[in-house]
Each structure stands twice: as structure tokens, then as C-alpha cells.
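Just below is one structure, and these are the notes that go with it.
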Amino acid sequence: MSAAPPEPGAGRLLRTSPEVVFAILGAGTMIAGHVAGRASRDALFLSYFDATDLPKVMIGSAIASIASAFAFSHWLGRFGPARVLPLAFLASAAFLVGEWALLQVSPEAGSVLLYVHLALFGAVLISGFWSVINERFDPHTARQTIGRVAAAAAAGGVLGGLAAERMSVFFGLPAMLIFMALLHAASAFFVRGIGAPPRTARGAPAAVGVPAGLRALRDTPYLQQMMVLVALCAMADTLLDYAVKFEADARFADGEPLLRFFAVFYTVTGILGFLLQASVGSRVLRRFGLGVAMLSFPVLVLVSGIAATIFTRLWTTAVARGLGMIAANSLFRSAFELLYTPLAPAKKRPTKIFVDIGAQRGGDLVTSGLILAGLTFLPSLPIALVVGAAVVAATGALVAVRSLERGYVLQLAGSLRAGQIEFHDESLVDATTAATIAGTRVGLDREAILQEIRQRGGIPKPSGSESVPDSDGAPPEEGGAGPAALDSVADHVAALHSGDAGLVRRALRGFKGDPRLLVPHAVSLLAGTSADEAAAFLARAASRAPGQLVDWLVDPSQPYPVRQRLARVLEGCDEPRALDGLGRLLREPRRLSDPHEALEDFDLRYHAAQSAARIGARHPDRVLPVAHAQAIALEELGVDDRTWERQGRRRPTDPRSVLLDSGSQASLKRIDRSLEHVFTLLGLAGEREVMASTLAALFGSDPYLRGTALEYLDVTLPPELARALRPRLDPARAAQRPRPAERPRAKRAEMADELLRSTSNLVIDRESLRRG
């Protein structure tokens, strides 16, 4: 017997999970070491070399970093970041101790080695850490967790900057390397505590090696867009970094004064980044999405860079560089890392290093080469020109962000499709589809024929209708039912109203004339004992008489059984008017005052949505406008809890479901009809398969896939609709249906049997999640 899965979103995980605590602590210590390392690296290098030597060491570091990216890509793809990263932190700590020893005998060599070491390990460690985070948590939980982790990282940057400034005063510059080694060792411990990704989230084994990563990059435009954004941001960052270091080298003396300047600079930017992330970081992601958060970096660099280009001073270049760092280490970083969450580990592991490090160091390499070329031809290269180039790069990054925001939504949809339940053809297309064909759009003066039939045979008008409106508007076909055949039509009509089931059956099955002549009379039988025969006849006539059927469907004076069966009949009609009529029924005003009428109205809308979805499955271009589908879904969600539960327990006349696997009893028992209906409505806008996958994921046994589904809903639905839907997505509530009050008390054995039947298939078998 399987237990119901935990609440979607894993809110309890966010409050008590030790892996979240380890992630927060790991982010803090990692960025503290990173900031302290950058301050020490810059101060040491500029103490023994001129600022114009920076492009040379930057080019060498970029080449070395790209080479390390290839190696780390292989290791991450083969062993996973949760295993590789702690070892990488420990190796970096050992290197720092060795460089501290080298500084005692050869400061120049030690400073260059430290610069290259931090280039080799710095970006790899940060990229690997975020790989651990977005593999450990599903997309929805990651969105909620990552704000806290990013805030801890920003706080770590503040502490790292403060420690660098104080230690330079009391212990001197070389002692910083021992402090950084301790921070890296602590980071290894915390990353180990985060743990490996859940087994259900690991998917297929990742292809390892550089060729696998390059193939994935070649075949995935989404990753290519990410690389372009990273490269452009790296170019802007490197240009501003050079400008600040050049101005600082001209202003301050070597050694401790330079270290104190960089320590204060990184501390201030760290404090502001922490305040920004802690105050609005999570809210920006929740309210405005990834696009707005990622725009923070290019927009701030663009505005401040223009000012620094016009007024080039140390403080203006420092402000431009600082604003870029504040955005990059808070809003931009937390949003950019979420771009990886929809990717499967098999694709993410061999490519993330290339995106994070390869693209970044490629941008550094190109930019450093440009600066070096500029210094070759213009030894007194104007810093204003360097800052202006950063503005150009930031403009390109702004354009890239807009493209990536659209790609993220598409990638989420693709991830859902990769885990969706398989759809069977028989669950989508009824047998009546084979009997419907596209005919000539002709009409018939039905009222005149009915009048003549009444005169000759004494047949009354159909019950519940004063007249049959004409929706087709064209004359009858020649040779279909002319005067010579009128007696035969009258005989058939008389048989339909005879009350004899056998005679009705023979009349409906044996009629050879234009079926539209009998449509009004067959409709009147849909509420009686011959309803199945009448529905089969109308299904055959649907493509010839869509207007007639729609007129009866949307007539609120018709009995409920008539309209309910007509909604099912129209699912096999390929005429566009069928979908229009079903859409009109879905938009009818609700009758909520009377519980019985409210349930009948819900049944009508449920079957109308199912039929509309089956039409959309055959004709993907026939969809409801997105705004209309979402408005109808919002109205369905607006009912009170009691009505929602009564609707959810309602068993439809037709147990087939467009979204649920017809062979999965788990689906039929676990997901109530109210929620299924809402997702069917959302799918009518053209995303039927994605909505089916989303619904299956929400109630499946894979927590990672469930988080992906929640994230997809959050980023694609309007805020009002997402807020209304969220309280309804409680699997425990859906699985524990209240027993109807009118149900008689069952015997103990019967109750035990029913309990076993209702809980034996609570978890959807992942073997059914086979597409992709």
C-alpha cells in the first residue's frame, strides 16, 4: 500500500531540511573565500607588476581556465558534481597552502601562480556548487530555496571582504592564503552535506567526456543562448575590472594600501548585494520572473557605464564595476542558475562547465586580447574607451536576456513532455470519428418539412423546443429527400416517436436519405431509452448538420441529458462550428444557487471541454484563445470548497479522459474531476500534452518532476490564476475524498476492500512516464 506523496512544492523541506542548511553555509563560505581571494590576488599582482601587465596574465589565466573546464566537464559528467566538488575544494585548499609557502621565497612567482590558480578553480568551484544545488532540488523548490542561498552567498562576500581588510592590517597579505585555505576546506564539508540528487531525479546516465558536452551544446539552442549571455556579461565585467584596477594602481601605493582598497571595494559591493538579495531577491523572482532579475546586470552596467564614459574617474569606474558586481552576485546569479533546472542531468553535467566557464573565460580571453591590442597601438589607451566597450557588451547582454526568458519556458515544457504519461489513440478519438466525414455545407428548411410531416403524420414538435433554428442556411441537396421520398421520411419520423425501441432502432439504422431530416427528432430521443441509438445516428450526421446540433447544444431550455449527450456527439465533428459551439457552452453563466443544477452544469462543461480537447487533438490548429481558456479556468477555480469537492467526486457518464491515462486506475482515483477539468481547459489553448504531463507529474511519485510541473505553472500562468490554482494542488486532499453524506454505512469487510482498492494504486507508475 502506497502512501500519498508529500505536498507539492515541498514547503516542509524548505523549513527543516538539513541539505538546505548545508547549502546556505556552503554558499557563504565559498563566496567568502572567493572575495577574499580576489582582493588578495589583485593586491599581490599589482604590488609586483604594472597594471598594463594585467591583460597578459588575464589571457594566460583564461586559456588555463578553459583547459580546466574541459577536464571538469568530463569529471562532472562521469561522477556528478556532488562527488567531484568536495574533492576540488580540498585540492584548492592544498594549492593555497603551497602558494603561501612560495610567497615566502619568491613573491613574484607566488603572485602569478595565485592569479592562475584562482582562475583555474574560482569559476569551476562556483559553477560546480550551483550544479549541486540545481540537481539536488527540483525547479519549484529551487526557485524558493535559491533566494536564501544567494543571500547567504552575498553575506559571505561581505564577511570575506571584511576579513581581508582586517587581516591585512594585523597579519599581512600572505596570511590571507591560509585563511582562504580554511574556507575552502569548510566549503568541501558543507557541499558534502548537501548530498547527491534524489534517485528519481537522476534520469538516464549522463554521457561523459568533452565530445558529449560539445554535442549537447551543438544540438541545444537553449544552451547556446546561455553561452552568448555569459560571454557578453564576462566581456563587460572584464572591461570594467581592468578600468578599476588601472585607476587604483595609479592612485594607491603597492602592498597593504592596495589590499585595503580592494577589500573595502569588495566588502561594500558585497554588503549592497546582500541587502539587495535579502530584501527583494526572492520577491523579484516570484513576482516578475527570471527575465527581470537577469536584466539587472546589463541595465545597471549600461546606465552607470554611460556615466563613467563621460566622466572617467576612479570613483565612476568603481561605481560602474560595483553595480555590475552587486547585480551579478545577487539577482542575476539567482535567476541565471534557475535556467539550468529544466535540463536533465545527462545534458546538464557535461555542458554546465562549458557554459559557466568556457563562455566566461572565452569572453575574458577576447576582451583581454582587445585590451592588449589596444595597448600595443595606443600605449596610453583611454579608460573612457574601455568603459564604452563595456557599455556595448552590456547592450548585447540585454538583448540576449529577452531571448533566454522565452527559451526557459519552452525548455520547461520540454522537460514535462519528457516525463509525460503515454497517450493511447483510443482514449483520444472515439469510434464515431470514423463515421464522420467532411460534407458539403448545405442546409435544409427543416421547419417547412416538419410542418408537412405533422400534416401528414400528426407528429408533434420535439419536446422542449418551439422551433428548430436554421444554422446551415443552404438549400437541400438534389436527390437527397425530395417529394418522392417524403412519405418515407414521414414514416421514419413516425417510427422515432412511436415509443417502440425496436422500431426506433430500425428507423435510425435503416434511413438512407439526408440524415439532417431526422436530426431534430433524433435529438428529442437523447433524454429517453433510445438515447444510445440516437447519439450514434447524430454522430454519423454531425459533419452534415453541425449548425443544428450546436443550436440544440447551446439552448438552455433543453433537458440536461440532451445537452450532455450532444456535447459528446460533437467530439467527432470536424467542422469548425463544433468547437465554436462547445466554447459557447463553456462560457455559459453558472447556476450555483441550486446544488443539483450546479452539478449538472459542471457535467455539461466537463464533457464539453473533453470533446473540445479531442477535436484539438485531431486538429492542433483549432484552439481557444489563451485569454478565454484561462478566464474559464479561473471561473471554475472560483467556486467554494464544498462545491469544488462535490464536483470532484462526480463520476462522469463517459469515464474516458483526455488528460489521464485510460489504463491507469491510479489517475482516475487520485485526481478529482474538478482539478482535471481545470487542466483540460488550460490545454484547450494549445498545450494539451503539456497540461497532461503537468497533471500527471503533480500526482506522480517523482518529486523532481512534480517540482518541474509547479515551476511551469508558476512561470506560464497569470498571477491571479496561479494563486487561485495553488490551494487546489494538494494531492493528500485529492486522495482523501470525503464520503458522500447520502452513502449508506458499509460493512467492515466491504469498507476494508474499498480502502485497499482505492489506495493500491495511489502512486502513478513511472514506467508509464515513457515519452522523451
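Identifiers for the C-alpha cells are assigned positionally: chains receive A, B, ... in sequence, residues are indexed from 1 per chain, and ligands are indexed from 1 in the order shown.
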Worksheet entry | Nearby residues (only C-alpha atoms) at most 8 Å from A:Ala567, same-chain spacing under 5 positions excluded, as an MDAnalysis selection string | chainID A and resid 553 582 604 607:608 611
Against stretch 334-341 of chain A, which residues of stretch 272-329 of chain A fall within 8 Å? For each one I want the closest pair of atoms and the distance in Å (one decimal), counting only C-alpha atoms, rows by chain and increasing residue number, as a Markdown table.
| residue | atom | partner | partner_atom | distance |
| --- | --- | --- | --- | --- |
| A:Leu285 | CA | A:Ala335 | CA | 7.2 |
| A:Leu290 | CA | A:Ala335 | CA | 5.2 |
| A:Gly291 | CA | A:Ala335 | CA | 7.8 |
| A:Ala293 | CA | A:Ala335 | CA | 6.0 |
| A:Met294 | CA | A:Ala335 | CA | 6.0 |
| A:Asn329 | CA | A:Ser334 | CA | 7.8 |
Worksheet entry | Counting only C-alpha atoms, the option among A:Leu410, A:Val284, A:Val35, A:Ala542 closest to A:Asp514 | A:Ala542
Item to complete: Name the residues in contact with A:Arg622 at a cut-off of 9 Å, using only C-alpha atoms, excluding same-chain residues fewer than 4 positions from it; report them as a ChimeraX atom specification.
Response: /A:576,579,615-618,684-686
Worksheet item: Neighbours of A:Arg402 within 12 Å (only C-alpha atoms; same-chain residues fewer than 6 positions away dropped), as a PyMOL selection string?
Response: chain A and resi 225-226+229+289-295+298+395-396+408-409
Fill in: Within 10 Å of A:Gly322 using only C-alpha atoms, minus same-chain residues under 2 positions, as a list in words
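Near A:Gly322, the qualifying residues are Asp237, Leu240, Asp241, Val244, Phe265, Tyr266, Val268, Thr269, Gly270, Leu272, Gly273, Leu300, Val301, Ser304, Trp315, Thr316, Thr317, Ala318, Val319, Ala320, Gly324, Met325, Ile326, Ala327 and Ala328 of chain A.
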Could you write out the selected residues, including C-alpha atoms, as an mmCIF file, in the first residue's frame?
data_model
loop_
_atom_site.group_PDB
_atom_site.id
_atom_site.type_symbol
_atom_site.label_atom_id
_atom_site.label_comp_id
_atom_site.auth_asym_id
_atom_site.auth_seq_id
_atom_site.Cartn_x
_atom_site.Cartn_y
_atom_site.Cartn_z
ATOM 1 C CA ASP A 237 32.810 42.634 -16.463
ATOM 2 C CA LEU A 240 35.216 47.369 -16.142
ATOM 3 C CA ASP A 241 37.551 45.279 -13.978
ATOM 4 C CA VAL A 244 39.077 49.960 -11.961
ATOM 5 C CA PHE A 265 35.561 47.759 -2.502
ATOM 6 C CA TYR A 266 34.541 44.082 -2.418
ATOM 7 C CA VAL A 268 30.871 47.412 0.094
ATOM 8 C CA THR A 269 29.651 45.670 -3.054
ATOM 9 C CA GLY A 270 29.085 42.527 -1.000
ATOM 10 C CA LEU A 272 24.891 46.071 -1.050
ATOM 11 C CA GLY A 273 24.491 42.794 -2.921
ATOM 12 C CA LEU A 300 22.872 48.747 -14.271
ATOM 13 C CA VAL A 301 26.110 48.400 -16.250
ATOM 14 C CA SER A 304 26.459 53.544 -14.914
ATOM 15 C CA TRP A 315 35.011 56.544 -8.366
ATOM 16 C CA THR A 316 32.855 56.479 -11.525
ATOM 17 C CA THR A 317 34.543 53.356 -12.871
ATOM 18 C CA ALA A 318 34.338 51.782 -9.390
ATOM 19 C CA VAL A 319 30.605 52.588 -9.242
ATOM 20 C CA ALA A 320 30.012 51.008 -12.656
ATOM 21 C CA GLY A 324 27.635 45.208 -12.046
ATOM 22 C CA MET A 325 29.041 43.028 -9.267
ATOM 23 C CA ILE A 326 26.076 43.751 -6.989
ATOM 24 C CA ALA A 327 23.610 42.628 -9.654
ATOM 25 C CA ALA A 328 25.742 39.703 -10.855
#
Worksheet item: What separation in Å, quoted to one decimal, exists between atom CA of A:Leu717 and atom CA of A:Ala633?
Response: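 So the answer is 10.9 Å.
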Discussion item. Here is a test: counting only C-alpha atoms, which residue of A:Phe45, A:Tyr115, A:Phe171, A:Phe129 is nearest to A:Ala82?
Written reply: A:Phe129
